[in-house]
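Engineer: Let me begin by handing over the structure; questions about it come next.
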Amino acid sequence: MSTPVWLRGIAVAGLAVLVLPLAGMLTRVRWSTLGEDLLSPTTLQALWLSLLTAACSTLACLVLGFPLALVIARASARLAAVLRAAVMVPLVLPPMVGGLALLSLLGRSGVVGRPIFEATGLSLPYTTAGVVVAQTFVAMPFLVITLEGVLRTSGQGHEWVAASLGANRWRVLTRVTLPLVAPGLVAGTVLAFARAMGEFGATALFAGNSQGITRTMPLAIYTAYNGVGVSQDSALALSLLLLISAIVIVAGLRSWREEAVR
Amino acid sequence: MSTPVWLRGIAVAGLAVLVLPLAGMLTRVRWSTLGEDLLSPTTLQALWLSLLTAACSTLACLVLGFPLALVIARASARLAAVLRAAVMVPLVLPPMVGGLALLSLLGRSGVVGRPIFEATGLSLPYTTAGVVVAQTFVAMPFLVITLEGVLRTSGQGHEWVAASLGANRWRVLTRVTLPLVAPGLVAGTVLAFARAMGEFGATALFAGNSQGITRTMPLAIYTAYNGVGVSQDSALALSLLLLISAIVIVAGLRSWREEAVR
Amino acid sequence: MSTGARGTGATDEGPRSGGTTHRGSGLSAQIEVERTAFTVRADLTLAPGQRLALLGANGAGKSTILGALAGTVPLSAGRISLGEAATERVLDAPGRRSVPAHRRAITLLEQRPLLFPHLDLVGNVAFGPRSRGSGRRASRDLALEWLERVDLTDHARQRPYRLSGGQQQRVALARAFAAGPSVILLDEPFAALDAETVPRVRGMLDRELTRTGTTAVLVTHQLSDAWDLADTCLVLEAGRVREQASPEHLVTAPRSRFGARLAGFGAIEGETSAQGLRVEGVLLPGRPDPGSPPRRGVRALGIASPTDVELLPGTADASLASVPGRVIGVRASAGRVLVEADNGLIADVTTQRATEVAGQGLPVVGSRLGFAPRSLRLVGLDVP
Amino acid sequence: MSTGARGTGATDEGPRSGGTTHRGSGLSAQIEVERTAFTVRADLTLAPGQRLALLGANGAGKSTILGALAGTVPLSAGRISLGEAATERVLDAPGRRSVPAHRRAITLLEQRPLLFPHLDLVGNVAFGPRSRGSGRRASRDLALEWLERVDLTDHARQRPYRLSGGQQQRVALARAFAAGPSVILLDEPFAALDAETVPRVRGMLDRELTRTGTTAVLVTHQLSDAWDLADTCLVLEAGRVREQASPEHLVTAPRSRFGARLAGFGAIEGETSAQGLRVEGVLLPGRPDPGSPPRRGVRALGIASPTDVELLPGTADASLASVPGRVIGVRASAGRVLVEADNGLIADVTTQRATEVAGQGLPVVGSRLGFAPRSLRLVGLDVP
Amino acid sequence: SGGSSEGSKGSDAGTEDVKQTITIFAAASLQGPLDDVAKAFTTAHPEYDIAPIDYDGSQALATQAIDGADVDVLAFASEASLDPLTKAGITDSSEIFATNTLEIAVAPGNPKKITSFDDLTATGTSLVTCASEVPCGQATDTVEKATGTTLKPVSEETNVTSVVNRVSQGEADAGLVYTTDIKAAGDKLEGVEFPESKQAVNKYPVAVPTKAKHAEGGKVFEKFLLSDDGQKVLHDAGFGAP
Ligand SMILES: Nc1ncnc2c1ncn2[C@@H]1O[C@H](COP(=O)(O)OP(=O)(O)OP(=O)(O)O)[C@@H](O)[C@H]1O
Ligand SMILES: Nc1ncnc2c1ncn2[C@@H]1O[C@H](COP(=O)(O)OP(=O)(O)OP(=O)(O)O)[C@@H](O)[C@H]1O
Ligand SMILES: [Mg+2]
Ligand SMILES: [Mg+2]
């Protein structure tokens with residue numbers, strides 16, 4: 001069934017809101033120094049770190065978030081409401097406050113972090129692992145909320161059939177539930193990955209900003225942008241790079257289903 | 001079908017990742033001055049502004065984002081991939097860069113903003129409308145991506161039936177498509193609303209930080225947090241307030257469907 | 001022809017509200033749709049109020065044809081138009097934008113009920129009238145009336161997921177009819193209904209179609225449905241029309257293999273001769289069908305009523321004009337017992353003593369017996 | 001009793017691979033499930049390999065019972081156990097955690113095909129064997145074999161959405177059987193199948209059930225299904241068992257209203273007297289059913305075969321022992337023509353000249369005629 | 001002055017007898033002292049009003065000013081951050097109104113016993129500094145170069161506040177921040193002065209955009225900031241004289 005023309009008009013307007021600012025940004029890029037800005041070793045290091053940490057935290061989001069989404073989708077209406085509200089927490093907090101919360105839990109002076117630090121000398125802040133934790137904290141709600149919506153829409157009929165054919169719960173999960181919610185799963189994963197790639201506030205506060213260890217692209221961009229007297233050129237160049245690499249990866253991820261499921 | 005026990009274990013771990021940092025944060029709140037911090041007129045002004053702008057931008061996201069999601073979900077695989085990548089743009093940009101992009105498009109010196117400003121003297125930055133624009137730009141992708149996933153999962157069978165019963169496209173949309181994707185729509189709306197409530201970077205840069213006009217809660221928190229000599233107490237108190245009000249609103253939004261759709 | 005000979009009278013049960021009698025539209029369609037294994041091709045012409053039954057094996061293309069008429073399946077070639085020559089509205093034609101489903105005034109009842117899960121039964125049934133502009137009140141009343149007709153008044157305020165399969169199907173039926181289309185397409189509407197409900201609902205729909213003059217296309221696997229509701233039957237095989245006949249004719253003298261099976265006749269293939277059909281060296285007595293007599297000496301189908309087939313204990317016996325067959329089914333209905341063989345013949349053994357045949361009890365599935373048709377009706381194998 | 005009298009022999013068509021013959025489990029169930037309008041209550045006991053048919057009107061509770069056995073519908077009370085006394089495994093009982101569906105070795109074929117949309121047909125059918133631990137190769141081979149049996153080899157590598165409704169149903173059947181359950185529950189498995197396919201598939205499944213000794217519960221609206229596949233029939237009405245009988249008995253001498261209708265008999269209610277049944281002042285000849293004879297002078301059901309009912313041009317005529325009836329359906333099958341009346345009786349008019357009855361052509365729906373049953377079989381109204 | 005916020009961003013005050021409202025963009029590190037200065041200014045010059053001051057990173061403020069934000073006074077944390085504005089022709093002159101020097105911030109009681117700049121390189125001492133792109137980081141670089149020491153910070157923060165917070169929360173053992181920051185942190189931090197800090201004095205410029213709406217008011221405020229009254233407030237907050 002085709003969508004009405006006027007609806008498509010609105011869709012184009014919506015797209016414009018999202019894309020035109022980027023076009024505007026391109027007008028400010030200084031192309032002459034672009035190559036130089038992009039190919040510096042520190043830039044590439046930051047990019048690599050961003051990709052690595054975003055991939056790790058997306059994985060963590062999947063591993064922790066899928067079960068959580070499943071539990072919420074199958075819970076009673078009341079319990080689901082409570083759980084959903086809990087999941088919303090990191091979503092609503094400005095990322096900087098999220099960083100603060102993480103510090104107060106896992107920092108060297110944190111409720112959990114202090115005893116660990118005192119006993120072992122290990123702590124999460126200023127480490128790449130810390131970046132992953134911060135990104136996971138910030139990105140997971142996106143996965144959970146998206147997935148829960150799809151799980152609810154897709155229903156359980158096919159799962160019952162699979163169980164009745166002798167599939168244990170693990171098999172039902174991996175061979176039926178997961179493939180059936182694939183579009184939503186991909187959507188959620190993309191959101192989480194994108195959010196992790198763009199994450200700045202919580203990372204800056206929790207993990208710090210140390211080149212090669214915790215300085216991801218957004219931190220590099222912010223640092224470049226905040227550079228005194230330096231024009232915004234390199235910040236813009238870095239943004240462009242971040243954008244392109246994220247889009248390339250997301251496009252690679254597109255194992256979207258070709259046809260509607262039923 | 002119940003979820004396996006070990007899966008529930010992981011779900012609990014996932015929940016802990018999201019909720020425990022908040023608990024950690026509570027240990028840092030100084031309760032003695034809490035009331036004072038919260039009830040000051042400037043705080044309430046910021047809260048009101050946050051709610052107002054987030055509501056407006058969520059509405060804008062819905063109006064612009066639903067058609068966009070529908071178009072993507074119904075587009076051919078190739079076109080859908082392109083559109084999806086375009087939608088991803090603001091998702092990946094660190095919000096501050098988003099602000100820069102908005103400025104370069106709509107600012108007084110921007111590609112579109114300058115002619116308008118020169119002709120009419122009107123401009124978006126530093127106005128409440130500017131905050132809404134920034135929030136819409138940042139929050140819309142969440143709605144679009146979430147909704148597209150659900151639209152794909154839900155299929156078109158019921159829409160065909162409705163059309164065959166004589167329903168025109170508008171009626172099909174409002175009476176069939178929308179209710180069927182309600183869980184995903186709610187999820188996407190919640191995500192967008194939460195993202196708008198927590199939005200900081202793009203707003204700060206595009207709309208500025210002017211009390212009563214553009215200083216939303218996250219900016220107030222930032223201002224409090226970054227204020228020299230000001231302790232983090234009021235920043236924490238404000239975060240708490242933001243959190244609670246967001247959760248109350250989201251809980252109020254929960255017109256989640258009680259039963260799975262089919 | 002407009003309305004069926006069997007579907008007359010009985011306007012006393014018409015709806016109390018629901019507006020004036022309307023007339024269905026005529027319909028003319030040349031359909032061509034590519035499917036995985038073959039192309040579905042069919043030419044249909046329906047006069048206003050005419051009722052066509054589509055019969056055929058699973059996957060023959062029946063639902064595809066309905067989808068093409070309703071606008072849910074795109075044509076790869078062909079043309080569909082509504083109304084008579086003067087007022088003709090082209091719905092689909094090469095090089096034209098096809099008219100969207102909601103502007104066709106054609107309602108399709110799909111094979112699955114596809115009830116709207118977010119609406120209660122009243123909401124579901126009232127959807128059509130509301131969509132076509134009726135007021136809220138009038139639509140609700142009409143919905144309640146239709147729910148009463150399909151005997152679901154008790155569940156009027158429930159959501160569809162709380163209904164049984166057959167009940168859901170009945171709601172879908174009510175919903176389709178309540179929309180008041182000028183052409184209605186029914187895809188196996190009675191498949192999930194119980195034996196007691198089928199004739200009752202069928203009778204009710206027959207009267208409704210007659211009263212409103214709605215044009216209808218019915219897909220079914222039950223000849224009784226076609227008998228009660230249709231003027232004309234089309235038998236499809238692998239996307240092509242193999243037989244077109246009135247239900248009376250199809251029931252009494254089918255001319256295709258599938259038609260024969262549907263009408264409860266046995267059919268066996270052989271070579272025509274002057275006296276009948278030669279099968280595996282045995283000459284079975286038979287006469288050419290007057291409608292489509294096959295030439296002599298060609299492969300042809302011999303069709304026999306079960307009551308005309310005698311069951312013999314032995315197997316082949318040329319002198320008795322019997323062919324051997326392995327029993328693949330023994331069925332009973334309404335006091336009759338039918339024995340089906342893998343050679344395509346069916347024998348009615350109600351009046352034969354079972355012991356005479358198999359020595360003990362009824363014939364056993366898998367046993368080999370002789371089947372002796374007393375008179376075959378011979379038809380060509382390549383009916384258009 | 002273990003396997004049906006009709007389902008014997010014919011192991012020659014058994015699968016070439018697929019392992020050794022296994023025996024089904026016995027099953028014993030006291031089921032109680034709350035539904036919207038009533039509580040479904042049924043006690044079932046099945047010996048290993050026994051086959052039970054559940055019959056009943058739409059919404060009678062058939063699917064509910066299957067769901068309870070499979071573990072998809074929670075019991076509100078009762079108890080379900082698998083196996084004989086010594087090896088009994090309690091699946092559901094008050095105060096116990098119910099055994100999850102995948103550990104029951106009970107496979108349910110639901111009313112909707114519910115194929116896995118993301119797997120091709122082979123993947124769908126191989127799902128069960130894979131889940132129960134067969135290797136990839138063996139499962140695929142078994143799947144292909146089953147697809148051949150339901151005649152879908154051509155579509156083996158296609159996704160389900162490209163199949164017709166009946167083809168999907170056949171895949172679902174193949175999938176359920178390929179899982180090799182010890183108890184199989186079939187919910188209207190043949191509803192979407194065409195008339196030619198039904199007996200073929202039914203015969204194949206019959207042999208398969210016999211070969212493997214699988215215990216089966218079949219829900220159907222077609223008595224012929226029960227006849228071919230089941231040992232025992234349960235007739236449900238509004239959640240309660242109204243009649244339990246062998247298919248032979250149900251076909252020849254049904255004892256409930258629904259059973260009578262299913263078997264193609266007419267049934268009329270009246271008051272018993274010494275000579276028969278008094279209906280609207282007319283005494284209709286009849287004899288008490290030997291199995292469940294009603295007392296004299298109570299409300300009872302008189303059941304008559306259509307061939308025993310004569311159609312008279314006039315309406316009521318006490319001297320001719322006829323009751324009036326409005327014609328609500330005229331049906332034809334296999335050369336017979338049946339006329340159904342709103343009073344519950346059915347008359348076979350095949351041998352009566354139609355003109356004698358209605359003056360011209362066949363009787364018209366809606367016309368009022370006299371129905372004279374020559375002999376009613378009288379049964380009590382309150383069969384347990 | 002709260003009610004005047006509207007006029008500050010909206011259209012020009014229409015009538016003459018309405019007070020001029022001055023809009024100020026200021027570096028985040030001036031938050032607090034500058035508010036006090038503003039209060040003192042409005043008392044001394046009741047003919048003016050001051051809109052709530054926008055505090056943010058110098059770069060963000062510069063971006064907004066270049067984009068055409070209505071602003072009358074710019075008070076930044078380093079001279080370099082004014083450069084883009086000068087280049088864009090927004091401002092043509094500026095005055096230094098305060099200076100600031102680095103100090104080592106440690107937790108109260110100085111648990112790691114840090115007394116000199118060299119102690120910062122000791123192993124087992126986690127140090128945080130500002131990133132070299134931002135003013136306090138540039139100062140740190142200068143000191144490093146002057147002393148020939150190479151610091152190994154665990155994190156290079158993009159603003160001073162983060163450094164302050166990390167040390168005051170115990171997430172780091174030491175940090176390099178401004179004297180004013182330590183003063184403002186009260187008893188949460190202890191400062192360790194070191195002589196090398198004199199090598200890198202940070203200068204705070206103030207400028208009035210040439211096309212400011214209330215350029216005249218801006219000039220008056222600028223003058224007040226440089227006057228003894230203004231300087232006293234800044235001095236109390238720990239700033240050095242220009
Ligand atoms: N979406 C589709 N795309 C391609 N081929 C299809 C599609 N749906 C069905 N087919 C094929 O088209 C043929 C006709 O299908 P159709 O649904 O019209 O059959 P049908 O006559 O309605 O059968 P049934 O009695 O089983 O409902 C089948 O062989 C099927 O495999
Ligand atoms: N999920 C449900 N919750 C509550 N009641 C239900 C539910 N599903 C069905 N029912 C009710 O339970 C009764 C029995 O339903 P069931 O599906 O068992 O009927 P059935 O005998 O299978 O009928 P059919 O022949 O139409 O498939 C029906 O009256 C129905 O309204
Ligand atoms: Mg079909
Ligand atoms: Mg059912």
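Here's how to read the names in the structure tokens: chain A, B, ... by the order shown, residue numbers from 1 in each chain, ligand numbers from 1 in the order shown.
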Could you list, as a VMD selection string, all the residues within 6 Å of ligand 2, counting only C-alpha atoms and all ligand atoms?
Structural biologist: (chain C and resid 161 to 167) or (chain D and resid 35 to 36 57 to 64)
Engineer: Using only C-alpha atoms, find which residues of chain C lie within 7 Å of chain B and jot them down as a VMD selection string.
Structural biologist: chain C and resid 70 72 101 to 103 105 to 108 114 116 to 118 128 131 to 132 176 179
Engineer: Between chain C and ligand 1, at 12 Å or less, what are the per-residue closest atom pairs and their distances in Å? Count only C-alpha atoms and all ligand atoms, order by chain and rising residue number, and return it as JSON lines.
Structural biologist:
{"residue": "C:Glu32", "atom": "CA", "partner": "ligand 1", "partner_atom_place_in_ligand_line": "18 (O)", "distance": 11.8}
{"residue": "C:Val33", "atom": "CA", "partner": "ligand 1", "partner_atom_place_in_ligand_line": "12 (O)", "distance": 8.8}
{"residue": "C:Glu34", "atom": "CA", "partner": "ligand 1", "partner_atom_place_in_ligand_line": "4 (C)", "distance": 7.3}
{"residue": "C:Arg35", "atom": "CA", "partner": "ligand 1", "partner_atom_place_in_ligand_line": "5 (N)", "distance": 4.1}
{"residue": "C:Thr36", "atom": "CA", "partner": "ligand 1", "partner_atom_place_in_ligand_line": "5 (N)", "distance": 4.5}
{"residue": "C:Ala37", "atom": "CA", "partner": "ligand 1", "partner_atom_place_in_ligand_line": "29 (O)", "distance": 6.1}
{"residue": "C:Phe38", "atom": "CA", "partner": "ligand 1", "partner_atom_place_in_ligand_line": "29 (O)", "distance": 7.4}
{"residue": "C:Thr39", "atom": "CA", "partner": "ligand 1", "partner_atom_place_in_ligand_line": "12 (O)", "distance": 8.2}
{"residue": "C:Val40", "atom": "CA", "partner": "ligand 1", "partner_atom_place_in_ligand_line": "14 (C)", "distance": 7.4}
{"residue": "C:Arg41", "atom": "CA", "partner": "ligand 1", "partner_atom_place_in_ligand_line": "14 (C)", "distance": 10.9}
{"residue": "C:Ala42", "atom": "CA", "partner": "ligand 1", "partner_atom_place_in_ligand_line": "18 (O)", "distance": 11.8}
{"residue": "C:Leu54", "atom": "CA", "partner": "ligand 1", "partner_atom_place_in_ligand_line": "21 (O)", "distance": 8.6}
{"residue": "C:Leu55", "atom": "CA", "partner": "ligand 1", "partner_atom_place_in_ligand_line": "21 (O)", "distance": 8.0}
{"residue": "C:Gly56", "atom": "CA", "partner": "ligand 1", "partner_atom_place_in_ligand_line": "21 (O)", "distance": 6.3}
{"residue": "C:Ala57", "atom": "CA", "partner": "ligand 1", "partner_atom_place_in_ligand_line": "25 (O)", "distance": 5.7}
{"residue": "C:Asn58", "atom": "CA", "partner": "ligand 1", "partner_atom_place_in_ligand_line": "26 (O)", "distance": 3.4}
{"residue": "C:Gly59", "atom": "CA", "partner": "ligand 1", "partner_atom_place_in_ligand_line": "19 (O)", "distance": 3.4}
{"residue": "C:Ala60", "atom": "CA", "partner": "ligand 1", "partner_atom_place_in_ligand_line": "21 (O)", "distance": 3.9}
{"residue": "C:Gly61", "atom": "CA", "partner": "ligand 1", "partner_atom_place_in_ligand_line": "18 (O)", "distance": 3.1}
{"residue": "C:Lys62", "atom": "CA", "partner": "ligand 1", "partner_atom_place_in_ligand_line": "21 (O)", "distance": 3.6}
{"residue": "C:Ser63", "atom": "CA", "partner": "ligand 1", "partner_atom_place_in_ligand_line": "22 (O)", "distance": 3.5}
{"residue": "C:Thr64", "atom": "CA", "partner": "ligand 1", "partner_atom_place_in_ligand_line": "18 (O)", "distance": 3.6}
{"residue": "C:Ile65", "atom": "CA", "partner": "ligand 1", "partner_atom_place_in_ligand_line": "18 (O)", "distance": 6.5}
{"residue": "C:Leu66", "atom": "CA", "partner": "ligand 1", "partner_atom_place_in_ligand_line": "18 (O)", "distance": 8.0}
{"residue": "C:Gly67", "atom": "CA", "partner": "ligand 1", "partner_atom_place_in_ligand_line": "18 (O)", "distance": 8.2}
{"residue": "C:Ala68", "atom": "CA", "partner": "ligand 1", "partner_atom_place_in_ligand_line": "18 (O)", "distance": 9.8}
{"residue": "C:Thr72", "atom": "CA", "partner": "ligand 1", "partner_atom_place_in_ligand_line": "1 (N)", "distance": 10.5}
{"residue": "C:Val73", "atom": "CA", "partner": "ligand 1", "partner_atom_place_in_ligand_line": "1 (N)", "distance": 8.3}
{"residue": "C:Pro74", "atom": "CA", "partner": "ligand 1", "partner_atom_place_in_ligand_line": "1 (N)", "distance": 10.5}
{"residue": "C:Glu110", "atom": "CA", "partner": "ligand 1", "partner_atom_place_in_ligand_line": "27 (O)", "distance": 9.8}
{"residue": "C:Gln111", "atom": "CA", "partner": "ligand 1", "partner_atom_place_in_ligand_line": "27 (O)", "distance": 7.1}
{"residue": "C:Arg112", "atom": "CA", "partner": "ligand 1", "partner_atom_place_in_ligand_line": "27 (O)", "distance": 10.0}
{"residue": "C:Leu186", "atom": "CA", "partner": "ligand 1", "partner_atom_place_in_ligand_line": "22 (O)", "distance": 11.1}
{"residue": "C:Asp187", "atom": "CA", "partner": "ligand 1", "partner_atom_place_in_ligand_line": "22 (O)", "distance": 7.7}
{"residue": "C:Glu188", "atom": "CA", "partner": "ligand 1", "partner_atom_place_in_ligand_line": "27 (O)", "distance": 7.8}
{"residue": "C:Pro189", "atom": "CA", "partner": "ligand 1", "partner_atom_place_in_ligand_line": "27 (O)", "distance": 11.2}
{"residue": "C:Ala191", "atom": "CA", "partner": "ligand 1", "partner_atom_place_in_ligand_line": "25 (O)", "distance": 10.6}
{"residue": "C:Leu218", "atom": "CA", "partner": "ligand 1", "partner_atom_place_in_ligand_line": "22 (O)", "distance": 11.1}
{"residue": "C:Val219", "atom": "CA", "partner": "ligand 1", "partner_atom_place_in_ligand_line": "22 (O)", "distance": 7.8}
{"residue": "C:Thr220", "atom": "CA", "partner": "ligand 1", "partner_atom_place_in_ligand_line": "25 (O)", "distance": 7.8}
{"residue": "C:His221", "atom": "CA", "partner": "ligand 1", "partner_atom_place_in_ligand_line": "25 (O)", "distance": 7.4}
{"residue": "C:Gln222", "atom": "CA", "partner": "ligand 1", "partner_atom_place_in_ligand_line": "25 (O)", "distance": 11.2}
{"residue": "C:Leu234", "atom": "CA", "partner": "ligand 1", "partner_atom_place_in_ligand_line": "21 (O)", "distance": 11.8}
{"residue": "C:Val235", "atom": "CA", "partner": "ligand 1", "partner_atom_place_in_ligand_line": "21 (O)", "distance": 10.3}
{"residue": "C:Leu236", "atom": "CA", "partner": "ligand 1", "partner_atom_place_in_ligand_line": "21 (O)", "distance": 7.9}
{"residue": "C:Glu237", "atom": "CA", "partner": "ligand 1", "partner_atom_place_in_ligand_line": "21 (O)", "distance": 8.6}
{"residue": "C:Ala238", "atom": "CA", "partner": "ligand 1", "partner_atom_place_in_ligand_line": "29 (O)", "distance": 7.4}
{"residue": "C:Gly239", "atom": "CA", "partner": "ligand 1", "partner_atom_place_in_ligand_line": "14 (C)", "distance": 7.0}
{"residue": "C:Arg240", "atom": "CA", "partner": "ligand 1", "partner_atom_place_in_ligand_line": "21 (O)", "distance": 10.7}
{"residue": "C:Val241", "atom": "CA", "partner": "ligand 1", "partner_atom_place_in_ligand_line": "21 (O)", "distance": 11.6}
Engineer: One decimal, Å: what's the distance from atom CA of Val97 of chain B over to atom CA of Ala139 of chain A, could you say?
Structural biologist: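 Distance between the two atoms: 18.8 Å.
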Engineer: Within 12 Å of chain E, which residues belong to chain B? Use only C-alpha atoms and report them as a ChimeraX atom specification.
Structural biologist: /B:28,41-42,45,96-97,99-111,113-114,117-118,121-128,201-215,219-220,222-233
Engineer: Within 12 Å of Ser292 of chain D, counting only C-alpha atoms, which residues show up once you throw out same-chain ones fewer than 4 positions away? Write them as an MDAnalysis selection string, please.
Structural biologist: chainID D and resid 243:245 253:256 287:288 300:301 377:384
Engineer: Output as a ChimeraX atom specification all residues of segment 173-246 of chain A that backbone DSSP marks as helix (DSSP H, G or I).
Structural biologist: /A:173-180,182-198,201-206,217-226,233-246
Engineer: So which one's closest to ligand 3, D:Gln168, D:Thr153, D:Ser273, D:Ser367? Using only C-alpha atoms and all ligand atoms, please.
Structural biologist: D:Gln168
Engineer: One number please: atom CA of Thr146 of chain B to atom CA of Gly71 of chain C, in Å, one decimal.
Structural biologist: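 Distance between the two atoms: 29.8 Å.
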Engineer: Mind listing as JSON, numbers by chain which residues of chain B are within 6 Å of chain A, counting only C-alpha atoms?
Structural biologist: {"B": [7, 10, 11, 14, 18, 21, 22, 24, 25, 64, 67, 68, 91, 92, 93, 94, 101, 102, 104, 105, 137, 145, 146, 149, 150, 152, 153, 155, 183, 184, 187, 194, 198, 218, 260, 261, 262]}
Engineer: Restrict the selected residues to C-alpha atoms and save them as a PDB file, in the first residue's frame.
Structural biologist:
ATOM      1  CA  LEU B   7      18.473 -15.065  30.884  1.00  0.00           C
ATOM      2  CA  ILE B  10      21.579 -11.403  32.737  1.00  0.00           C
ATOM      3  CA  ALA B  11      18.592  -9.109  32.585  1.00  0.00           C
ATOM      4  CA  GLY B  14      21.727  -5.281  32.688  1.00  0.00           C
ATOM      5  CA  LEU B  18      21.593   1.144  34.378  1.00  0.00           C
ATOM      6  CA  PRO B  21      25.058   4.383  39.046  1.00  0.00           C
ATOM      7  CA  LEU B  22      21.974   6.347  39.931  1.00  0.00           C
ATOM      8  CA  GLY B  24      25.702   5.830  43.574  1.00  0.00           C
ATOM      9  CA  MET B  25      24.716   9.336  42.638  1.00  0.00           C
ATOM     10  CA  LEU B  64       7.860  14.876  10.914  1.00  0.00           C
ATOM     11  CA  PRO B  67       5.839   9.982   7.845  1.00  0.00           C
ATOM     12  CA  LEU B  68       9.559   9.601   7.386  1.00  0.00           C
ATOM     13  CA  LEU B  91      22.605  10.393  15.805  1.00  0.00           C
ATOM     14  CA  VAL B  92      26.283   9.981  15.247  1.00  0.00           C
ATOM     15  CA  LEU B  93      27.383  13.574  15.525  1.00  0.00           C
ATOM     16  CA  PRO B  94      28.421  14.586  18.996  1.00  0.00           C
ATOM     17  CA  ALA B 101      25.812  22.367  12.003  1.00  0.00           C
ATOM     18  CA  LEU B 102      22.555  24.009  12.989  1.00  0.00           C
ATOM     19  CA  SER B 104      25.917  27.080  10.045  1.00  0.00           C
ATOM     20  CA  LEU B 105      22.502  26.477   8.501  1.00  0.00           C
ATOM     21  CA  PHE B 137      17.180  17.704  15.272  1.00  0.00           C
ATOM     22  CA  ILE B 145      14.616   4.334  13.549  1.00  0.00           C
ATOM     23  CA  THR B 146      12.488   2.758  16.257  1.00  0.00           C
ATOM     24  CA  GLY B 149      11.646  -1.334  12.811  1.00  0.00           C
ATOM     25  CA  VAL B 150       8.159  -1.829  14.178  1.00  0.00           C
ATOM     26  CA  ARG B 152       8.517  -3.504   9.157  1.00  0.00           C
ATOM     27  CA  THR B 153       7.701  -6.176  11.707  1.00  0.00           C
ATOM     28  CA  GLY B 155       3.468  -5.964   7.977  1.00  0.00           C
ATOM     29  CA  PRO B 183       3.976  -0.171  21.227  1.00  0.00           C
ATOM     30  CA  GLY B 184       6.773   0.907  18.929  1.00  0.00           C
ATOM     31  CA  ALA B 187       8.782   3.416  22.613  1.00  0.00           C
ATOM     32  CA  ALA B 194      13.917  11.522  26.906  1.00  0.00           C
ATOM     33  CA  GLY B 198      18.461  15.429  28.305  1.00  0.00           C
ATOM     34  CA  PRO B 218      20.612  20.217  31.333  1.00  0.00           C
ATOM     35  CA  ALA B 260       0.545  -8.631  22.587  1.00  0.00           C
ATOM     36  CA  VAL B 261      -1.085  -7.555  19.396  1.00  0.00           C
ATOM     37  CA  ARG B 262      -1.645 -10.953  17.865  1.00  0.00           C
TER      38      ARG B 262
END
Engineer: When you look at Arg261 of chain D with a cut-off of 12 Å (counting only C-alpha atoms), what residues show up, excluding the ones that are within fewer than 4 positions of it in the same chain? I need them as number ranges by chain.
Structural biologist: C: 194-200, 333-334; D: 55-57, 221-223, 235, 250-257, 265-268, 303-306, 340, 344-346
